[in-house]
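The next block is run_33.txt, given as compact mmCIF, C-alpha atoms.
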# COMPACT_ATOMS: atom_id res chain seq x y z
CA MET A 1088 -7.76 6.77 -2.67
CA SER A 1089 -6.91 3.20 -1.84
CA ASN A 1090 -3.81 1.56 -0.63
CA LYS A 1091 -2.41 -1.71 -2.03
CA ASN A 1092 0.10 -2.28 0.70
CA ASN A 1093 -1.45 -5.40 2.16
CA GLY A 1094 0.88 -5.90 5.03
CA PHE A 1095 0.54 -9.34 6.42
CA PHE A 1096 -0.01 -11.78 3.59
CA THR A 1097 2.00 -11.70 0.40
CA VAL A 1098 1.52 -15.26 -0.89
CA SER A 1099 0.39 -14.94 -4.52
CA ARG A 1100 -3.14 -15.98 -5.34
CA SER A 1101 -2.01 -18.51 -7.94
CA VAL A 1102 0.23 -20.27 -5.42
CA PHE A 1103 -2.56 -20.26 -2.82
CA TRP A 1104 -5.20 -21.70 -5.15
CA GLY A 1105 -2.74 -24.15 -6.64
CA LEU A 1106 -2.05 -25.54 -3.18
CA VAL A 1107 -5.77 -25.64 -2.38
CA LEU A 1108 -6.53 -27.65 -5.55
CA ILE A 1109 -3.70 -30.08 -4.85
CA LEU A 1110 -4.92 -30.58 -1.28
CA ALA A 1111 -8.47 -31.02 -2.58
CA ALA A 1112 -7.27 -33.80 -4.91
CA ALA A 1113 -5.47 -35.45 -1.98
CA ALA A 1114 -8.60 -35.10 0.15
CA LEU A 1115 -10.70 -36.81 -2.54
CA ILE A 1116 -8.38 -39.77 -2.65
CA LEU A 1117 -7.88 -40.08 1.10
CA ASP A 1118 -11.62 -39.71 1.69
CA GLY A 1119 -12.19 -42.49 -0.81
CA VAL A 1120 -9.98 -44.89 1.15
CA GLY A 1121 -11.57 -43.87 4.44
CA PHE A 1122 -8.61 -41.92 5.91
CA SER A 1123 -9.24 -39.41 8.70
CA PHE A 1124 -7.17 -37.57 11.31
CA GLY A 1125 -9.24 -39.13 14.04
CA ILE A 1126 -11.95 -37.51 16.17
CA GLY A 1127 -13.95 -37.14 12.97
CA ILE A 1128 -11.69 -34.61 11.27
CA THR A 1129 -10.91 -35.37 7.63
CA LEU A 1130 -8.68 -33.57 5.16
CA TRP A 1131 -11.80 -31.80 3.84
CA HIS A 1132 -12.24 -30.24 7.27
CA VAL A 1133 -8.63 -29.09 7.22
CA ILE A 1134 -8.81 -27.60 3.70
CA GLY A 1135 -12.16 -25.94 4.33
CA GLY A 1136 -10.94 -24.64 7.67
CA VAL A 1137 -7.82 -23.12 6.12
CA ILE A 1138 -9.79 -21.40 3.34
CA LEU A 1139 -12.40 -20.02 5.73
CA LEU A 1140 -9.81 -18.87 8.26
CA SER A 1141 -7.90 -17.11 5.45
CA TRP A 1142 -11.15 -15.39 4.47
CA ILE A 1143 -11.73 -14.26 8.07
CA VAL A 1144 -8.18 -13.01 8.54
CA SER A 1145 -8.18 -11.09 5.25
CA GLU A 1146 -11.38 -9.30 6.29
CA CYS A 1147 -9.89 -8.52 9.71
CA VAL A 1148 -6.74 -7.08 8.14
CA LYS A 1149 -8.91 -4.71 6.11
CA LEU A 1150 -10.85 -3.94 9.33
CA ARG A 1151 -14.07 -5.16 7.71
CA PHE A 1152 -15.32 -6.90 10.86
CA HIS A 1153 -18.90 -7.03 9.60
CA ALA A 1154 -17.75 -9.43 6.85
CA ILE A 1155 -16.48 -12.22 9.12
CA PHE A 1156 -19.84 -13.67 10.14
CA PHE A 1157 -20.59 -15.67 7.01
CA PRO A 1158 -17.21 -17.43 6.98
CA LEU A 1159 -17.67 -18.04 10.72
CA ALA A 1160 -21.05 -19.60 9.99
CA PHE A 1161 -19.58 -21.83 7.25
CA LEU A 1162 -16.75 -22.79 9.63
CA PHE A 1163 -19.28 -23.84 12.26
CA MET A 1164 -21.26 -25.83 9.69
CA LEU A 1165 -18.08 -27.59 8.60
CA PHE A 1166 -17.08 -28.61 12.12
CA GLU A 1167 -20.59 -28.94 13.57
CA GLY A 1168 -20.44 -32.74 13.74
CA VAL A 1169 -17.00 -32.67 15.39
CA ILE A 1170 -18.11 -30.03 17.91
CA ALA A 1171 -21.27 -32.03 18.68
CA SER A 1172 -19.24 -35.15 19.41
CA TRP A 1173 -16.87 -33.12 21.65
CA LEU A 1174 -19.87 -31.83 23.56
CA GLY A 1175 -21.24 -35.33 23.88
CA ARG A 1176 -24.34 -34.67 21.80
CA GLU A 1177 -25.87 -37.49 19.85
CA ASP A 1178 -27.38 -35.28 17.14
CA PRO A 1179 -24.57 -33.82 14.98
CA ASN A 1180 -26.90 -31.10 13.69
CA MET A 1181 -26.98 -28.73 16.66
CA ILE A 1182 -28.28 -25.67 14.83
CA SER A 1183 -30.23 -25.56 11.58
CA ASN A 1184 -28.10 -24.25 8.71
CA TRP A 1185 -30.80 -21.76 7.76
CA THR A 1186 -30.87 -20.41 11.31
CA LEU A 1187 -27.12 -20.05 11.22
CA LEU A 1188 -27.12 -18.24 7.88
CA LEU A 1189 -29.92 -15.94 8.98
CA ALA A 1190 -28.01 -15.09 12.16
CA ALA A 1191 -24.89 -14.40 10.07
CA LEU A 1192 -26.89 -12.13 7.77
CA LEU A 1193 -28.37 -10.16 10.66
CA LEU A 1194 -24.96 -9.83 12.33
CA THR A 1195 -23.38 -8.68 9.06
CA ILE A 1196 -26.05 -6.03 8.56
CA GLY A 1197 -26.08 -4.97 12.22
CA VAL A 1198 -22.32 -4.71 12.70
CA GLY A 1199 -22.01 -3.11 9.27
CA ALA A 1200 -24.52 -0.45 10.27
CA LEU A 1201 -22.66 0.25 13.50
CA THR A 1202 -19.31 0.59 11.75
CA LYS A 1203 -20.58 2.38 8.66
CA ARG A 1204 -18.14 4.94 7.31
CA SER A 1205 -19.10 8.14 5.55
CA GLY A 1206 -17.74 9.58 2.35
CA GLY A 1207 -15.62 7.98 -0.30
CA ARG A 1208 -12.02 8.79 0.52
CA GLU A 1209 -11.61 6.55 3.54
CA ASN A 1210 -8.93 4.12 4.46
CA ALA A 1211 -8.58 1.61 7.24
CA ARG A 1212 -5.29 -0.16 7.40
CA LEU A 1213 -2.93 -2.17 9.47
CA GLY A 1214 0.78 -1.79 9.00
CA ASN A 1215 2.49 1.02 7.14
CA SER A 1216 0.74 2.71 4.26
CA THR A 1217 0.65 5.89 2.20
CA LEU A 1218 -2.32 7.90 0.99
CA TYR A 1219 -2.39 10.56 -1.69
CA PHE A 1220 -5.10 13.18 -1.73
CA ASP A 1221 -5.73 15.55 -4.60
CA ALA A 1222 -5.65 19.11 -3.27
CA ASN A 1223 -7.79 20.02 -6.26
CA ASP A 1224 -10.59 17.78 -5.04
CA PRO A 1225 -13.15 19.86 -3.11
CA GLY A 1226 -14.49 16.86 -1.19
CA GLY A 1227 -11.85 16.83 1.50
CA CYS A 1228 -10.27 13.65 2.74
CA VAL A 1229 -10.98 11.15 5.47
CA VAL A 1230 -8.60 8.84 7.26
CA SER A 1231 -10.56 6.39 9.38
CA ASP A 1232 -10.22 3.18 11.36
CA ASN A 1233 -6.45 3.32 11.30
CA VAL A 1234 -4.46 0.99 13.52
CA GLY A 1235 -1.25 1.30 11.58
CA ASN A 1236 1.10 4.00 10.45
CA ILE A 1237 -0.23 6.19 7.64
CA HIS A 1238 1.60 8.90 5.71
CA VAL A 1239 -0.63 11.36 3.85
CA TYR A 1240 0.61 13.48 0.94
CA PHE A 1241 -1.11 16.13 -1.16
CA ILE A 1242 -0.75 16.39 -4.92
CA ASN A 1243 -1.71 19.28 -7.22
CA LYS A 1244 -1.12 21.77 -4.38
CA GLU A 1245 -1.05 24.65 -6.90
CA HIS A 1246 -4.81 24.27 -7.38
CA TYR A 1247 -5.73 24.07 -3.73
CA ASN A 1248 -8.71 26.35 -2.97
CA GLY A 1249 -7.93 26.82 0.72
CA LEU A 1250 -11.11 25.17 2.01
CA GLY A 1251 -9.85 21.63 2.49
CA VAL A 1252 -10.53 19.49 5.56
CA VAL A 1253 -8.60 16.37 6.57
CA SER A 1254 -10.76 14.27 8.88
CA VAL A 1255 -9.11 11.67 11.09
CA ARG A 1256 -11.61 9.30 12.68
CA ASN A 1257 -11.35 6.24 14.90
CA SER A 1258 -7.60 6.20 14.72
CA VAL A 1259 -5.55 4.12 17.08
CA GLY A 1260 -2.38 4.34 15.06
CA LYS A 1261 -0.21 7.14 13.79
CA VAL A 1262 -1.15 9.52 11.01
CA THR A 1263 1.53 11.79 9.53
CA LEU A 1264 0.29 14.59 7.32
CA HIS A 1265 2.91 15.99 4.93
CA VAL A 1266 1.48 19.47 4.43
CA PRO A 1267 2.97 21.89 1.91
CA SER A 1268 4.90 24.58 3.78
CA GLU A 1269 2.87 27.27 1.96
CA TRP A 1270 -0.25 26.21 3.87
CA ASN A 1271 -1.28 26.96 7.44
CA VAL A 1272 -2.84 24.27 9.60
CA VAL A 1273 -5.95 24.73 11.74
CA THR A 1274 -6.77 21.90 14.12
CA GLU A 1275 -10.13 20.78 15.51
CA CYS A 1276 -10.17 18.04 18.13
CA LYS A 1277 -13.22 16.39 19.66
CA ASP A 1278 -13.55 13.26 21.79
CA THR A 1279 -9.95 12.38 21.29
CA LEU A 1280 -7.39 11.08 23.74
CA GLY A 1281 -4.59 11.13 21.23
CA SER A 1282 -2.16 13.86 20.36
CA VAL A 1283 -2.11 16.32 17.49
CA ASN A 1284 1.37 17.66 16.87
CA VAL A 1285 1.87 20.71 14.69
CA PRO A 1286 5.36 22.25 14.51
CA GLU A 1287 5.42 25.71 15.95
CA ARG A 1288 6.03 28.37 13.37
CA GLU A 1289 4.69 31.76 12.42
CA GLN A 1290 1.60 31.97 10.28
CA VAL A 1291 2.47 32.23 6.62
CA ALA A 1292 0.62 34.30 4.06
CA GLY A 1293 -1.20 31.50 2.34
CA LYS A 1294 -4.11 29.12 2.37
CA SER A 1295 -5.16 27.02 5.34
CA ILE A 1296 -6.12 23.41 5.74
CA THR A 1297 -8.23 22.16 8.63
CA VAL A 1298 -7.28 18.95 10.41
CA SER A 1299 -10.28 17.54 12.26
CA VAL A 1300 -9.60 14.71 14.71
CA ARG A 1301 -12.42 12.78 16.40
CA ASP A 1302 -12.83 9.59 18.38
CA SER A 1303 -9.14 8.84 18.21
CA VAL A 1304 -6.52 7.66 20.65
CA GLY A 1305 -3.65 7.63 18.20
CA SER A 1306 -1.38 10.47 17.18
CA VAL A 1307 -1.65 12.92 14.31
CA THR A 1308 1.57 14.65 13.32
CA VAL A 1309 1.89 17.46 10.81
CA GLU A 1310 5.16 17.83 8.96
CA PHE A 1311 5.68 20.77 6.64
CA VAL A 1312 7.41 19.88 3.37
CA MET B 1477 11.97 -7.82 -20.37
CA LYS B 1478 15.76 -8.10 -20.48
CA LEU B 1479 18.22 -5.25 -20.44
CA ARG B 1480 21.56 -5.73 -22.19
CA LEU B 1481 24.44 -3.25 -22.40
CA GLU B 1482 27.17 -3.71 -24.98
CA ILE B 1483 30.35 -1.66 -24.61
CA ASP B 1484 32.15 -1.21 -27.92
CA ASP B 1485 34.35 1.86 -28.29
CA SER B 1486 34.55 1.43 -32.07
CA SER B 1487 30.83 1.78 -32.74
CA GLU B 1488 28.48 4.76 -32.79
CA GLU B 1489 26.39 5.18 -29.64
CA GLU B 1490 22.80 4.17 -30.13
CA ILE B 1491 19.94 2.73 -28.10
CA VAL B 1492 18.04 -0.15 -29.69
CA ILE B 1493 14.77 -1.45 -28.25
CA ARG B 1494 13.96 -4.83 -29.74
CA ALA B 1495 10.31 -5.91 -29.39
CA LYS B 1496 7.90 -8.33 -31.01
CA SER B 1497 5.36 -5.57 -31.58
CA LEU B 1498 4.69 -1.98 -30.64
CA THR B 1499 2.72 -2.53 -27.46
CA PRO B 1500 1.57 0.38 -25.26
CA GLU B 1501 4.33 -0.57 -22.81
CA ILE B 1502 7.02 -0.42 -25.50
CA SER B 1503 5.56 2.83 -26.78
CA ARG B 1504 5.74 4.39 -23.31
CA LEU B 1505 9.27 3.13 -22.84
CA THR B 1506 10.32 4.58 -26.19
CA GLU B 1507 8.77 7.93 -25.33
CA GLY B 1508 10.49 7.90 -21.95
CA VAL B 1509 13.88 7.19 -23.48
CA GLN B 1510 13.28 9.80 -26.18
CA ASP B 1511 12.40 12.37 -23.53
CA LEU B 1512 15.50 11.44 -21.61
CA LEU B 1513 17.72 11.87 -24.66
CA GLU B 1514 16.14 15.17 -25.61
CA ARG B 1515 16.08 16.66 -22.19
CA GLY B 1516 19.07 14.97 -20.56
CA ASN B 1517 18.36 13.83 -17.05
CA ALA B 1518 14.91 15.42 -16.93
CA LEU B 1519 11.79 13.39 -16.21
CA SER B 1520 8.33 14.35 -17.40
CA VAL B 1521 5.72 14.47 -14.63
CA ARG B 1522 2.27 15.90 -14.13
CA SER B 1523 1.29 18.52 -11.60
CA GLY B 1524 -1.90 20.54 -11.46
CA GLY B 1525 -2.91 19.34 -14.89
CA ALA B 1526 0.28 20.63 -16.49
CA GLU B 1527 3.34 18.74 -17.64
CA ARG B 1528 6.55 19.56 -15.84
CA PHE B 1529 10.10 18.39 -16.14
CA ILE B 1530 12.13 17.61 -13.08
CA ASN B 1531 15.75 16.57 -12.84
CA ALA B 1532 16.06 12.89 -11.98
CA ASN B 1533 18.66 13.81 -9.37
CA GLU B 1534 15.99 15.76 -7.45
CA ILE B 1535 13.89 12.65 -6.94
CA VAL B 1536 14.13 11.06 -3.49
CA PHE B 1537 11.76 8.16 -4.06
CA ALA B 1538 8.94 7.00 -6.28
CA GLU B 1539 6.12 4.64 -5.41
CA VAL B 1540 3.01 3.10 -6.85
CA MET B 1541 -0.35 3.56 -5.15
CA ALA B 1542 -3.74 2.70 -6.64
CA SER B 1543 -2.22 2.10 -10.09
CA LYS B 1544 -0.57 5.53 -10.18
CA THR B 1545 3.12 6.28 -9.93
CA TYR B 1546 3.98 9.09 -7.52
CA VAL B 1547 7.38 10.76 -7.72
CA HIS B 1548 8.66 12.57 -4.63
CA THR B 1549 11.20 15.35 -4.55
CA ALA B 1550 12.28 16.96 -1.29
CA ASN B 1551 9.36 19.39 -1.20
CA ASP B 1552 6.84 18.13 -3.72
CA VAL B 1553 5.08 15.10 -5.12
CA PHE B 1554 4.10 14.53 -8.74
CA VAL B 1555 2.31 11.93 -10.81
CA SER B 1556 4.38 10.18 -13.46
CA PRO B 1557 2.82 8.75 -16.64
CA LEU B 1558 5.36 5.92 -16.54
CA ARG B 1559 5.00 2.74 -14.56
CA LEU B 1560 7.49 1.95 -11.83
CA HIS B 1561 9.41 -0.67 -13.81
CA GLU B 1562 9.64 1.79 -16.73
CA LEU B 1563 11.01 4.46 -14.38
CA GLU B 1564 13.60 1.98 -13.10
CA LEU B 1565 14.92 1.56 -16.64
CA ILE B 1566 15.47 5.25 -17.30
CA LEU B 1567 16.46 6.60 -13.89
CA PRO B 1568 20.14 6.75 -12.88
CA ARG B 1569 21.92 3.77 -11.42
CA SER B 1570 21.73 5.24 -7.93
CA PHE B 1571 18.06 4.22 -7.74
CA ALA B 1572 17.28 0.92 -6.05
CA LYS B 1573 14.14 -1.04 -5.34
CA ALA B 1574 12.93 -0.58 -1.75
CA SER B 1575 9.84 -2.75 -2.07
CA LYS B 1576 7.62 -4.16 -4.79
CA SER B 1577 6.00 -0.75 -5.15
CA CYS B 1578 8.78 1.68 -4.34
CA ILE B 1579 12.20 2.74 -5.59
CA VAL B 1580 14.55 5.08 -3.73
CA ASN B 1581 17.40 7.33 -4.78
CA THR B 1582 20.25 5.98 -2.68
CA ALA B 1583 22.28 9.12 -3.41
CA LYS B 1584 19.71 11.07 -1.39
CA ILE B 1585 19.53 8.70 1.59
CA CYS B 1586 20.92 10.23 4.77
CA SER B 1587 19.72 7.59 7.25
CA LEU B 1588 18.74 3.95 7.30
CA LEU B 1589 16.88 2.53 10.27
CA ARG B 1590 15.99 -1.11 10.64
CA SER B 1591 13.23 -2.23 13.01
CA PRO B 1592 13.33 -5.52 14.96
CA THR B 1593 10.83 -6.94 12.45
CA GLY B 1594 13.33 -6.37 9.65
CA VAL B 1595 11.45 -3.56 7.95
CA GLY B 1596 13.66 -0.55 7.22
CA GLU B 1597 13.04 3.15 7.05
CA ALA B 1598 15.03 5.52 4.86
CA GLY B 1599 15.42 9.21 5.59
CA PHE B 1600 16.55 11.67 2.92
CA TYR B 1601 18.71 14.81 2.79
CA GLY B 1602 16.85 18.10 2.89
CA THR B 1603 13.40 16.72 3.66
CA VAL B 1604 11.39 15.19 6.49
CA LYS B 1605 9.99 12.58 4.13
CA LYS B 1606 10.74 8.97 4.86
CA THR B 1607 9.88 5.76 3.12
CA TYR B 1608 9.81 2.14 4.15
CA ILE B 1609 12.13 -0.56 2.88
CA SER B 1610 10.86 -4.10 2.94
CA ARG B 1611 12.88 -6.90 4.53
CA MET B 1612 13.61 -8.42 1.15
CA TYR B 1613 15.24 -5.28 -0.24
CA TYR B 1614 16.92 -3.80 2.83
CA LYS B 1615 20.36 -5.29 2.18
CA ILE B 1616 20.21 -4.30 -1.49
CA VAL B 1617 19.38 -0.69 -0.60
CA ARG B 1618 22.05 -0.56 2.09
CA ASP B 1619 24.73 -1.96 -0.22
CA LYS B 1620 23.70 0.36 -3.05
CA THR B 1621 23.81 3.34 -0.69
CA GLU B 1622 27.35 2.46 0.37
CA GLU B 1623 28.35 1.93 -3.27
CA THR B 1624 26.89 5.31 -4.24
CA ARG B 1625 28.84 6.99 -1.46
CA SER B 1626 32.08 5.34 -2.47
CA ILE B 1627 31.67 6.56 -6.06
CA LYS B 1628 31.16 10.20 -5.01
Rendering of file as structure tokens:
Amino acid sequence: MSNKNNGFFTVSRSVFWGLVLILAAAALILDGVGFSFGIGITLWHVIGGVILLSWIVSECVKLRFHAIFFPLAFLFMLFEGVIASWLGREDPNMISNWTLLLAALLLTIGVGALTKRSGGRENARLGNSTLYFDANDPGGCVVSDNVGNIHVYFINKEHYNGLGVVSVRNSVGKVTLHVPSEWNVVTECKDTLGSVNVPEREQVAGKSITVSVRDSVGSVTVEFV
Amino acid sequence: MKLRLEIDDSSEEEIVIRAKSLTPEISRLTEGVQDLLERGNALSVRSGGAERFINANEIVFAEVMASKTYVHTANDVFVSPLRLHELELILPRSFAKASKSCIVNTAKICSLLRSPTGVGEAGFYGTVKKTYISRMYYKIVRDKTEETRSIK
């Protein structure tokens, strides 16, 4: 299940690209008449910098840190001449572009391998978001890399087979599980500094769901609905 | 899509949907209105592969996630075949937009909390469920909630 609540940035794509094209036209004209902001920075640097920074931030918001290295490499290539002059170097080409791209590729693969997630029903979000898991789906559900506030609901509870597992991994934020009151909750915690809060109540005659929390410092709260 | 209401006590009551062509959206809207007329305030939803009908007054909020519309009552959550803007047209006037992807039943709101960032949180009678209200819609929801209370 995926979440479309994108939190930070809500500027529409058409507005964003419209502004970029207008700035690009302005950059063409100003570049033609030799205008610059001084210290070697032209409007092209500004436009390219804004686009690349937007790319980096959007990947960070989605917690896809392995995807920031290529835009970082392009950002360095864009400002390489300016950085070289700041450092007092005569040669504006400090690092070969191929070396830079190869390093970005290796970092992308390496960091991606370190932060690889398992399974398909995973979500990593900032801000507030909601997830819906199908109780009829035998695959279980995973909530991972959460730094925000996630509410989890279960649909099709009538077809729940009683063998479900909700896995919470690498959570720094708050996860609230809205569990049907007909179910019992079994908790499993490992390597976690956070809290798992389940309201005290007597066991009910019904199916159970297992909540497995690992590598988390955030809180997991169960609310019976 | 515009919505126009004409009050004329001399004419027969009827609902007219004027469209350029019978698009899937218009078809769904027509079916939703038809269902509403045939079943009163009941809304058709899906649960466990079966079709169910719930009273619109039981709904606390509805939201869109991953292109699906989820309808929440106090103790359950269902999938609606209608899109959010189609639900807005057929649900009672007490419903208000809480964000671009969520509508709330202001008649069911028992608490409104606003954070320093401007984002609100609505609590509902008879359930622990809460939903968020974006900055843009907080005042609208608050005013609608007060209006709903004054009507009761």
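The protein and nucleic acid residues lying at most 10 Å from Val1169 in chain A are Ile1126, Gly1127, Ile1128, His1132, Phe1163, Met1164, Leu1165, Phe1166, Ser1172, Trp1173, Leu1174, Gly1175, Arg1176 and Pro1179 of chain A, with only C-alpha atoms considered and sequence neighbours fewer than 3 positions away removed.
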task = Could you jot down the CA of Ile1502 in chain B to CA of Glu1534 in chain B separation for me, Å, one decimal place?
result =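 Between CA of Ile1502 in chain B and CA of Glu1534 in chain B the gap is 25.8 Å.
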request  = May I ask you to extract the residues of chain A within 10 Å of chain B, using only C-alpha atoms, and to give them as a ChimeraX atom specification?
outcome  = /A:1088-1092,1215-1219,1221-1223,1238,1240-1247,1265-1268,1310-1312
key: Cut-off 7 Å around (19.4, 10.9, -4.0) with only C-alpha atoms: residues as a list in words   = Asn1533, Glu1534, Ile1535, Val1536, Asn1581, Thr1582, Ala1583, Lys1584 and Ile1585 of chain B
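Straight-line separation from CA of Ala1112 in chain A to CA of Leu1140 in chain A: 20.1 Å.
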task = May I ask for the distance between CA of Pro1568 in chain B and CA of Val1509 in chain B, given in Å to one decimal place?
result = 12.3 Å
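Nearest-residue note for Leu1565 in chain B: choosing from B:Met1612, B:Ser1587, B:Ala1598, B:Ile1579, the minimum distance belongs to B:Ile1579, counting only C-alpha atoms.
If you count only C-alpha atoms and ignore residues fewer than 4 places along the chain from Ser1183 in chain A, what sits within 12 Å of it is Ala1160, Phe1163, Met1164, Glu1167, Asp1178, Pro1179, Leu1187, Leu1188, Leu1189 and Ala1190 of chain A.
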query = Counting only C-alpha atoms, what is within 12 Å of Ala1111 in chain A, bar same-chain residues fewer than 6 positions away, as a list of chain:residue names?
reply = A:Trp1104, A:Gly1105, A:Leu1117, A:Asp1118, A:Thr1129, A:Leu1130, A:Trp1131, A:His1132, A:Val1133, A:Ile1134, A:Gly1135, A:Val1137, A:Ile1138
inquiry  = Using only C-alpha atoms for the distances, tell me which of B:Val1492, B:Leu1589, B:Ala1518, B:Val1580 is nearest to Phe1537 in chain B.
reply    =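 Among the listed residues, B:Val1580 lies closest to Phe1537 in chain B.
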query = Which is closest to Thr1545 in chain B among B:Cys1578, B:Ile1616, B:Ile1483, B:Leu1505, if we use all atoms listed in the file?
reply =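 Residue with the minimum atom-to-atom distance to Thr1545 in chain B: B:Cys1578.
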key: Contacts of Ser1520 in chain B at 10 Å (only C-alpha atoms; same-chain gap of 5+ positions) as a list in words   =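 In the requested form, the answer reads Gly1508, Asp1511, Leu1512, Arg1515, Glu1527, Arg1528, Phe1529, Ile1530, Asn1531, Ala1532, Phe1554, Val1555, Ser1556, Pro1557 and Leu1558 of chain B.
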Could you turn the residues from that selection into a file that holds C-alpha atoms, as an mmCIF file, keeping the file's coordinate frame?
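And here is the file that came out, part-v4.cif:
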data_model
loop_
_atom_site.group_PDB
_atom_site.id
_atom_site.type_symbol
_atom_site.label_atom_id
_atom_site.label_comp_id
_atom_site.auth_asym_id
_atom_site.auth_seq_id
_atom_site.Cartn_x
_atom_site.Cartn_y
_atom_site.Cartn_z
ATOM 1 C CA GLY B 1508 10.490 7.900 -21.950
ATOM 2 C CA ASP B 1511 12.400 12.370 -23.530
ATOM 3 C CA LEU B 1512 15.500 11.440 -21.610
ATOM 4 C CA ARG B 1515 16.080 16.660 -22.190
ATOM 5 C CA GLU B 1527 3.340 18.740 -17.640
ATOM 6 C CA ARG B 1528 6.550 19.560 -15.840
ATOM 7 C CA PHE B 1529 10.100 18.390 -16.140
ATOM 8 C CA ILE B 1530 12.130 17.610 -13.080
ATOM 9 C CA ASN B 1531 15.750 16.570 -12.840
ATOM 10 C CA ALA B 1532 16.060 12.890 -11.980
ATOM 11 C CA PHE B 1554 4.100 14.530 -8.740
ATOM 12 C CA VAL B 1555 2.310 11.930 -10.810
ATOM 13 C CA SER B 1556 4.380 10.180 -13.460
ATOM 14 C CA PRO B 1557 2.820 8.750 -16.640
ATOM 15 C CA LEU B 1558 5.360 5.920 -16.540
#
query = So which residues touch Ile1143 in chain A within 8 Å, counting all atoms listed in the file, skipping near sequence neighbours fewer than 6 positions away, as a PyMOL selection string?
reply = chain A and resi 1154-1155+1158-1159
Any chance you could work out the axis-aligned box around range 1605-1613 of chain B, listed atoms only, 5 Å on each side, giving centre and edge lengths in Å to one decimal, as lines of an AutoDock Vina configuration file?
center_x = 12.5
center_y = 2.1
center_z = 2.3
size_x = 15.4
size_y = 31.0
size_z = 15.1
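Considering the residues A:Ser1254, A:Ser1299, A:Thr1308, A:Ser1101 and counting only C-alpha atoms, Lys1277 in chain A has its shortest atom-to-atom contact with A:Ser1299.
For the residues B:Asp1619, B:Glu1488, B:Glu1597, B:Glu1482, ranking by smallest atom-to-atom distance to Ala1572 in chain B using all atoms listed in the file places B:Asp1619 first.
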